[in-house]
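Below: one structure, written as structure tokens.
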Amino acid sequence: MKTSRIRFVLIAAMLMLGAAQQAWAGVDADTAMIARGEYLARAGDCIACHTASGGKPFAGGLRIKSPMGVMYSTNITPDPVHGIGRYTEPEFAKAVRLGIRRDGKNLYPAMPYPDYRAITDSDVQALYAYFMKGVAPVAKTPPVTALAFPFNQRWGMALWNFAFTSDKPFVLNKAESLEVNRGRYLVQTLGHCSSCHTPRGVGMQELALDDSSSSFLSGGELNGWGVPSLRGMPSWSVADITAYLETGRNGFASVGGEMTGVVDHSTQHLSAEDLQSIAVYLKSLPEEKKVAQTHSNSDAATQKTVQQLVQGQNLSAGQMVYLNNCEACHATNGKGAAGIFPSLNGSEVVQSKNPTALISVILKGAQTPSTQKAPSVLAMPGFEGRLNDEEIAHLATFLRSGWGNNADAVSTGAVSKVRKSLAGASKG
Ligand code: HEC
Ligand code: HEC
Ligand code: HEC
């Protein structure tokens with residue numbers, strides 16, 4: 001009797017221990033899965049669109065301007081009423097990859113599902129675990145998107161999907177290293193880099209969703225701000241690219257425009273290996289054929305401009321404005337100081353076909369985000385109060401032709417237009 005009782009207690013204890021161990025293993029697996037999902041959510045930059053400025057993470061409500069009208073992102077916290085708490089994993093997968101909501105209606109492609117389409121099953125599973133168990137529920141419904149006819153007809157997006165999206169899964173390119181393939185996966189799917197860096201067609205669709213086309217990542221335009229090509233990145237080394245994605249700056253450029261948020265919320269949080277893979281992959285893409293790229297960023301061309309500026313005789317109006325306002329930081333050779341003041345000599349922003357970004361930076365200034373690896377915030381002051389439209393036009397024209405830079409002159413009218421549109425934007 002006594003021994004059997006002891007045996008019973010022992011067995012019970014062993015069973016409980018086993019169960020506890022199993023439970024622990026379960027919790028560990030769960031925690032690891034949620035952590036992986038969190039990392040993938042960063043790689044996918046879900047927070048950028050699903051959080052209103054000053055709002056709770058993932059509670060939606062960000063106002064997104066689109067050619068179809070104003071849209072609002074939705075609440076993707078696990079709240080069952082206001083968020084996606086009732087989504088099953090297959091329903092979640094369908095929303096993220098196919099753009100179809102739980103109620104069967106189509107999402108608008110402001111949600112980048114055409115890019116997310118090839119996210120792997122195991123990554124979707126981890127994302128789901130994170131959104132269900134790693135994100136705090138928020139009981140608030142954001143403003144509802146109400147587009148005008150015909151765009152309020154969500155079923156119309158089914159036709160759009162049929163015409164413009166692909167259902168090709170992600171396939172490993174066996175001819176290339178695992179590193180290149182990892183970079184390709186991150187860039188083509190979660191990173192949705194192509195949603196900004198690939199030109200758009202008549203239906204506002206990305207002209208290419210993967211690198212089988214040379215339009216892929218060949219540069220685009222966002223609200224008049226030129227988005228550079230990422231193909232081959234001939235003048236940047238792998239280290240230049242990883243530094244830019246990790247710290248928002250390198251010897252050539254500081255991050256600006258819409259890319260600022262990408263670095264801030266997404267790329268600065270990626271592992272060194274993943275950033276390296278992205279850089280190696282971008283460098284593996286054949287460069288796009290540039291139309292008449294005659295920019296001669298030679299030492300001789302730089303020296304010619306330096307001499308003019310240093311001698312200070314017969315300076316053009318634009319050169320005068322440069323010496324008085326910009327030279328202190330960006331230097332006479334236009335090369336700034338590596339990692340502190342970006343180079344204007346050979347710069348993509350300065351020579352972009354559309355000068356809107358350059359004019360915006362001169363008017364409003366710019367700020368590098370504070371990243372983990374480079375916490376300081378470098379600021380470029382805005383000159384809207386100090387320089388008039390004509391002075392800025394002269395200045396921009398000089399920048400686009402000095403030091404071997406080669407881009408069209410900028411008119412006073414073009415500056416006035418940007419100044420007006422920025423004044424309108426800041427009023428809301
Ligand atoms: C570029 C902006 C953008 C990014 C990045 C983005 N989303 Fe969205 N998402 C939206 C918008 C806008 C909607 C609502 C679209 C509509 O109303 O048709 C949406 C809708 C959704 C829905 C449907 C929710 C519902 O209300 O039923 C889910 C789920 C979702 N997103 C998940 C994600 C996940 C997960 C990520 C990151 C991997 C992500 N989104 C990244 C813009 C974005
Ligand atoms: C929301 C739009 C958007 C997304 C998404 C985006 N970018 Fe960008 N990116 C930009 C813009 C705009 C610029 C130009 C920045 C400037 O003018 O300073 C840029 C610049 C860059 C540059 C600098 C190139 C150069 O020659 O100056 C790199 C590198 C880059 N992006 C990589 C990426 C990668 C990799 C991804 C995906 C993980 C990505 N971007 C996603 C908008 C975007
Ligand atoms: C006090 C120092 C300072 C002065 C003066 C200054 N800048 Fe800048 N400039 C910066 C910094 C810092 C950045 C990087 C900011 C960022 O992160 O985008 C920058 C960025 C830029 C960029 C964007 C480059 C890129 O690759 O993203 C342009 C173009 C530019 N400046 C032009 C000018 C012009 C033109 C003037 C004179 C009207 C000027 N700057 C005056 C410090 C300065």
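Letters A, B, ... go to the chains of the structure tokens in the order shown; residues in each chain start at 1; ligands are counted from 1 in the same order.
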
Selection as a PyMOL selection string: residues within 8 Å of ligand 2 by only C-alpha atoms and all ligand atoms: chain A and resi 43+186-187+190-197+221-222+225-230+233+236+241+244-245+252-262+266-267+278-279+282+347-349+357

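The residues of stretch 167-368 of chain A that DSSP assigns to strand (DSSP E) on this backbone come out as A:Gly220, A:Glu221, A:Leu222, A:Trp225, A:Gly226, A:Val227, A:Ala366, A:Gln367.
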
Residues of the last selection are to be written out with all heavy atoms, as a short mmCIF file (atom, residue, chain, number, x, y, z; two decimals), in the first residue's frame.
data_model
loop_
_atom_site.label_atom_id
_atom_site.label_comp_id
_atom_site.auth_asym_id
_atom_site.auth_seq_id
_atom_site.Cartn_x
_atom_site.Cartn_y
_atom_site.Cartn_z
N GLY A 220 12.29 54.94 -60.04
CA GLY A 220 10.92 55.39 -60.23
C GLY A 220 10.77 56.83 -59.78
O GLY A 220 11.74 57.59 -59.73
N GLU A 221 9.56 57.19 -59.46
CA GLU A 221 9.30 58.54 -58.99
C GLU A 221 8.18 58.49 -57.98
O GLU A 221 7.20 57.77 -58.16
CB GLU A 221 8.92 59.43 -60.17
CG GLU A 221 9.02 60.89 -59.84
CD GLU A 221 8.59 61.79 -60.98
OE1 GLU A 221 9.23 61.74 -62.05
OE2 GLU A 221 7.61 62.52 -60.79
N LEU A 222 8.33 59.21 -56.88
CA LEU A 222 7.31 59.23 -55.83
C LEU A 222 6.99 60.68 -55.56
O LEU A 222 7.84 61.41 -55.07
CB LEU A 222 7.89 58.66 -54.54
CG LEU A 222 7.65 57.23 -54.16
CD1 LEU A 222 8.35 56.95 -52.84
CD2 LEU A 222 6.20 56.90 -54.08
N TRP A 225 9.56 63.04 -56.39
CA TRP A 225 10.90 62.79 -55.81
C TRP A 225 11.49 61.61 -56.57
O TRP A 225 10.91 60.52 -56.55
CB TRP A 225 10.74 62.48 -54.33
CG TRP A 225 12.03 62.46 -53.56
CD1 TRP A 225 13.03 61.55 -53.68
CD2 TRP A 225 12.43 63.39 -52.55
NE1 TRP A 225 14.04 61.86 -52.81
CE2 TRP A 225 13.70 62.98 -52.10
CE3 TRP A 225 11.86 64.52 -51.97
CZ2 TRP A 225 14.40 63.68 -51.11
CZ3 TRP A 225 12.56 65.20 -50.98
CH2 TRP A 225 13.81 64.78 -50.56
N GLY A 226 12.63 61.82 -57.22
CA GLY A 226 13.21 60.74 -58.00
C GLY A 226 13.67 59.61 -57.09
O GLY A 226 14.29 59.84 -56.06
N VAL A 227 13.33 58.39 -57.45
CA VAL A 227 13.80 57.23 -56.68
C VAL A 227 14.89 56.56 -57.51
O VAL A 227 14.62 56.14 -58.63
CB VAL A 227 12.66 56.24 -56.39
CG1 VAL A 227 13.12 55.16 -55.44
CG2 VAL A 227 11.45 56.96 -55.82
N ALA A 366 17.06 68.87 -44.62
CA ALA A 366 16.89 67.43 -44.53
C ALA A 366 17.52 66.93 -43.26
O ALA A 366 18.38 67.59 -42.67
CB ALA A 366 17.55 66.75 -45.72
N GLN A 367 17.08 65.76 -42.83
CA GLN A 367 17.60 65.20 -41.59
C GLN A 367 17.78 63.70 -41.71
O GLN A 367 16.87 63.00 -42.12
CB GLN A 367 16.60 65.50 -40.49
CG GLN A 367 17.23 65.51 -39.13
CD GLN A 367 16.25 66.00 -38.09
OE1 GLN A 367 15.19 65.42 -37.90
NE2 GLN A 367 16.59 67.09 -37.43
#

Near-A:Thr242 list (10 Å; only C-alpha atoms; drop same-chain fewer than 5 positions) as a list of chain:residue names: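 In the requested form, the answer reads A:Trp236, A:Ser237, A:Thr247, A:Gly248, A:Arg249, A:Asn250, A:Thr267, A:Gln268, A:Ala272, A:Glu273, A:Asp274, A:Leu275, A:Gln276, A:Ser277, A:Ile278, A:Ala279, A:Val280.
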
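By chain and then residue number, the residues within 9 Å of A:Arg63 are A:Cys49, A:Ala52, A:Val70, A:Met71, A:Tyr72, A:Ser73, A:Pro143, counting only C-alpha atoms and disregarding those fewer than 6 positions away in sequence.
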
Selected residues, N, CA, C and O atoms, written as a PDB file, in the first residue's frame, please.
ATOM      1  N   CYS A  49       3.226  51.577 -42.573  1.00  0.00           N
ATOM      2  CA  CYS A  49       1.901  51.943 -43.073  1.00  0.00           C
ATOM      3  C   CYS A  49       0.813  51.694 -42.046  1.00  0.00           C
ATOM      4  O   CYS A  49      -0.212  52.357 -42.061  1.00  0.00           O
ATOM      5  N   ALA A  52      -0.440  55.155 -37.487  1.00  0.00           N
ATOM      6  CA  ALA A  52      -0.640  56.583 -37.760  1.00  0.00           C
ATOM      7  C   ALA A  52       0.418  57.360 -36.998  1.00  0.00           C
ATOM      8  O   ALA A  52       0.944  56.870 -35.993  1.00  0.00           O
ATOM      9  N   VAL A  70      -7.881  59.124 -51.162  1.00  0.00           N
ATOM     10  CA  VAL A  70      -7.241  58.927 -49.864  1.00  0.00           C
ATOM     11  C   VAL A  70      -7.669  57.593 -49.245  1.00  0.00           C
ATOM     12  O   VAL A  70      -8.841  57.247 -49.243  1.00  0.00           O
ATOM     13  N   MET A  71      -6.682  56.831 -48.758  1.00  0.00           N
ATOM     14  CA  MET A  71      -6.989  55.550 -48.108  1.00  0.00           C
ATOM     15  C   MET A  71      -6.446  55.580 -46.687  1.00  0.00           C
ATOM     16  O   MET A  71      -5.556  56.352 -46.378  1.00  0.00           O
ATOM     17  N   TYR A  72      -6.987  54.705 -45.858  1.00  0.00           N
ATOM     18  CA  TYR A  72      -6.476  54.562 -44.500  1.00  0.00           C
ATOM     19  C   TYR A  72      -6.031  53.131 -44.293  1.00  0.00           C
ATOM     20  O   TYR A  72      -6.728  52.197 -44.701  1.00  0.00           O
ATOM     21  N   SER A  73      -4.881  52.968 -43.644  1.00  0.00           N
ATOM     22  CA  SER A  73      -4.453  51.609 -43.342  1.00  0.00           C
ATOM     23  C   SER A  73      -5.332  51.079 -42.213  1.00  0.00           C
ATOM     24  O   SER A  73      -5.933  51.857 -41.470  1.00  0.00           O
ATOM     25  N   PRO A 143     -10.223  55.377 -39.325  1.00  0.00           N
ATOM     26  CA  PRO A 143     -11.163  55.853 -40.336  1.00  0.00           C
ATOM     27  C   PRO A 143     -11.270  54.857 -41.484  1.00  0.00           C
ATOM     28  O   PRO A 143     -10.292  54.196 -41.833  1.00  0.00           O
TER      29      PRO A 143
END

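With only C-alpha atoms and all ligand atoms as the atoms that count, the minimum distance from ligand 3 to the choices A:Thr368, A:Gly385, A:Lys353, A:Leu399 is reached by A:Thr368.
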
Two-atom distance - atom CA of A:Met157, atom CA of A:Leu40 (Å): 26.8 Å

Residue neighbourhood A:Tyr128, 12 Å, only C-alpha atoms, exclusion window fewer than 3 positions, as a ChimeraX atom specification: /A:30,33-38,40-41,76-78,84-96,121-125,131-135

Atoms kept (C-alpha atoms) for selection, written as a PDB file, in the first residue's frame:
ATOM      1  CA  ASP A  30       6.528  29.800 -29.404  1.00  0.00           C
ATOM      2  CA  MET A  33       8.628  31.816 -33.513  1.00  0.00           C
ATOM      3  CA  ILE A  34       7.213  35.130 -32.268  1.00  0.00           C
ATOM      4  CA  ALA A  35      10.682  36.671 -32.205  1.00  0.00           C
ATOM      5  CA  ARG A  36      11.289  35.484 -35.754  1.00  0.00           C
ATOM      6  CA  GLY A  37       7.932  36.954 -36.766  1.00  0.00           C
ATOM      7  CA  GLU A  38       8.864  40.273 -35.212  1.00  0.00           C
ATOM      8  CA  LEU A  40      10.214  39.508 -40.408  1.00  0.00           C
ATOM      9  CA  ALA A  41       7.648  42.233 -39.670  1.00  0.00           C
ATOM     10  CA  ILE A  76      -3.670  44.765 -37.677  1.00  0.00           C
ATOM     11  CA  THR A  77      -3.342  44.274 -33.921  1.00  0.00           C
ATOM     12  CA  PRO A  78      -4.943  41.063 -32.564  1.00  0.00           C
ATOM     13  CA  ILE A  84      -7.351  41.025 -37.130  1.00  0.00           C
ATOM     14  CA  GLY A  85      -7.832  38.870 -34.004  1.00  0.00           C
ATOM     15  CA  ARG A  86     -10.397  36.660 -35.773  1.00  0.00           C
ATOM     16  CA  TYR A  87      -8.140  35.946 -38.758  1.00  0.00           C
ATOM     17  CA  THR A  88      -7.038  32.303 -38.969  1.00  0.00           C
ATOM     18  CA  GLU A  89      -3.563  31.657 -40.305  1.00  0.00           C
ATOM     19  CA  PRO A  90      -4.811  30.769 -43.820  1.00  0.00           C
ATOM     20  CA  GLU A  91      -6.959  33.948 -43.849  1.00  0.00           C
ATOM     21  CA  PHE A  92      -3.964  36.007 -42.763  1.00  0.00           C
ATOM     22  CA  ALA A  93      -1.841  34.395 -45.498  1.00  0.00           C
ATOM     23  CA  LYS A  94      -4.505  35.249 -48.069  1.00  0.00           C
ATOM     24  CA  ALA A  95      -4.612  38.905 -46.987  1.00  0.00           C
ATOM     25  CA  VAL A  96      -0.840  39.337 -46.975  1.00  0.00           C
ATOM     26  CA  ASP A 121       4.786  29.623 -45.857  1.00  0.00           C
ATOM     27  CA  SER A 122       7.121  29.365 -42.901  1.00  0.00           C
ATOM     28  CA  ASP A 123       7.677  33.142 -42.853  1.00  0.00           C
ATOM     29  CA  VAL A 124       3.914  33.762 -43.046  1.00  0.00           C
ATOM     30  CA  GLN A 125       3.489  31.367 -40.124  1.00  0.00           C
ATOM     31  CA  PHE A 131       0.744  39.459 -34.901  1.00  0.00           C
ATOM     32  CA  MET A 132      -1.451  37.191 -32.771  1.00  0.00           C
ATOM     33  CA  LYS A 133       0.795  36.834 -29.720  1.00  0.00           C
ATOM     34  CA  GLY A 134       3.530  39.453 -29.861  1.00  0.00           C
ATOM     35  CA  VAL A 135       1.532  42.585 -30.635  1.00  0.00           C
TER      36      VAL A 135
END

Helix (DSSP H, G or I) per DSSP on the backbone: members of stretch 162-231 of chain A, as a ChimeraX atom specification: /A:162-164,178-188,194-197

Resulting file, chosen residues, N, CA and C atoms, as a short mmCIF file (atom, residue, chain, number, x, y, z; two decimals), in the first residue's frame:
data_model
loop_
_atom_site.label_atom_id
_atom_site.label_comp_id
_atom_site.auth_asym_id
_atom_site.auth_seq_id
_atom_site.Cartn_x
_atom_site.Cartn_y
_atom_site.Cartn_z
N PHE A 162 -5.65 40.21 -61.85
CA PHE A 162 -5.51 39.30 -62.98
C PHE A 162 -4.53 39.88 -64.00
N ALA A 163 -4.65 41.18 -64.26
CA ALA A 163 -3.80 41.81 -65.28
C ALA A 163 -2.37 42.03 -64.80
N PHE A 164 -2.21 42.39 -63.52
CA PHE A 164 -0.92 42.94 -63.14
C PHE A 164 -0.13 42.18 -62.09
N LEU A 178 23.85 31.10 -52.07
CA LEU A 178 22.75 31.23 -51.11
C LEU A 178 22.62 32.67 -50.66
N GLU A 179 23.77 33.36 -50.55
CA GLU A 179 23.77 34.75 -50.12
C GLU A 179 22.97 35.63 -51.09
N VAL A 180 23.26 35.48 -52.37
CA VAL A 180 22.53 36.25 -53.38
C VAL A 180 21.04 35.90 -53.33
N ASN A 181 20.74 34.62 -53.16
CA ASN A 181 19.35 34.21 -53.11
C ASN A 181 18.62 34.76 -51.89
N ARG A 182 19.31 34.81 -50.77
CA ARG A 182 18.70 35.39 -49.56
C ARG A 182 18.40 36.88 -49.82
N GLY A 183 19.35 37.58 -50.42
CA GLY A 183 19.14 38.99 -50.74
C GLY A 183 17.99 39.17 -51.71
N ARG A 184 17.93 38.31 -52.72
CA ARG A 184 16.85 38.38 -53.70
C ARG A 184 15.50 38.20 -52.99
N TYR A 185 15.43 37.23 -52.10
CA TYR A 185 14.18 36.98 -51.38
C TYR A 185 13.76 38.21 -50.56
N LEU A 186 14.70 38.75 -49.79
CA LEU A 186 14.35 39.89 -48.93
C LEU A 186 13.93 41.10 -49.77
N VAL A 187 14.63 41.35 -50.86
CA VAL A 187 14.34 42.52 -51.69
C VAL A 187 13.01 42.34 -52.44
N GLN A 188 12.82 41.14 -53.03
CA GLN A 188 11.65 40.94 -53.88
C GLN A 188 10.36 40.73 -53.11
N SER A 194 10.75 47.12 -54.54
CA SER A 194 10.33 47.42 -55.89
C SER A 194 9.10 48.34 -55.91
N SER A 195 8.33 48.38 -54.81
CA SER A 195 7.13 49.22 -54.82
C SER A 195 7.51 50.69 -54.99
N CYS A 196 8.71 51.07 -54.64
CA CYS A 196 9.15 52.45 -54.87
C CYS A 196 10.24 52.53 -55.94
N HIS A 197 11.08 51.50 -56.04
CA HIS A 197 12.25 51.60 -56.91
C HIS A 197 12.01 51.08 -58.33
#

Neighbour list for A:Lys304 as a list in words, cut-off 9 Å, only C-alpha atoms, skip fewer than 4 positions in-chain: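 Neighbouring residues, sequence-local ones excluded: Asp299, Ala300, Gln308, Leu309, Gly402, Trp403 and Gly404 of chain A.
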
Between atom CA of A:Leu209 and atom 22 (C, counted along the ligand's line) of ligand 1 - distance in Å to one decimal: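 Spanning atom 22 (C, counted along the ligand's line) of ligand 1 to atom CA of A:Leu209 is a straight-line distance of 20.1 Å.
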
Separation of atom 15 (C, counted along the ligand's line) of ligand 1 from atom CA of A:Pro150, in Å and rounded to one decimal: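 Distance between the two atoms: 15.9 Å.
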
Selection: 9 Å around A:Pro355, only C-alpha atoms, excl. self and same-chain fewer than 4 positions, as a PyMOL selection string: chain A and resi 224-226+349-351+359-360+396+408+410+414-415

For A:Ala243, the nearest of the candidates A:Ser421, A:Thr371, A:Thr397, A:Thr51, counting only C-alpha atoms: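 Result for the nearest residue to A:Ala243: A:Thr371.
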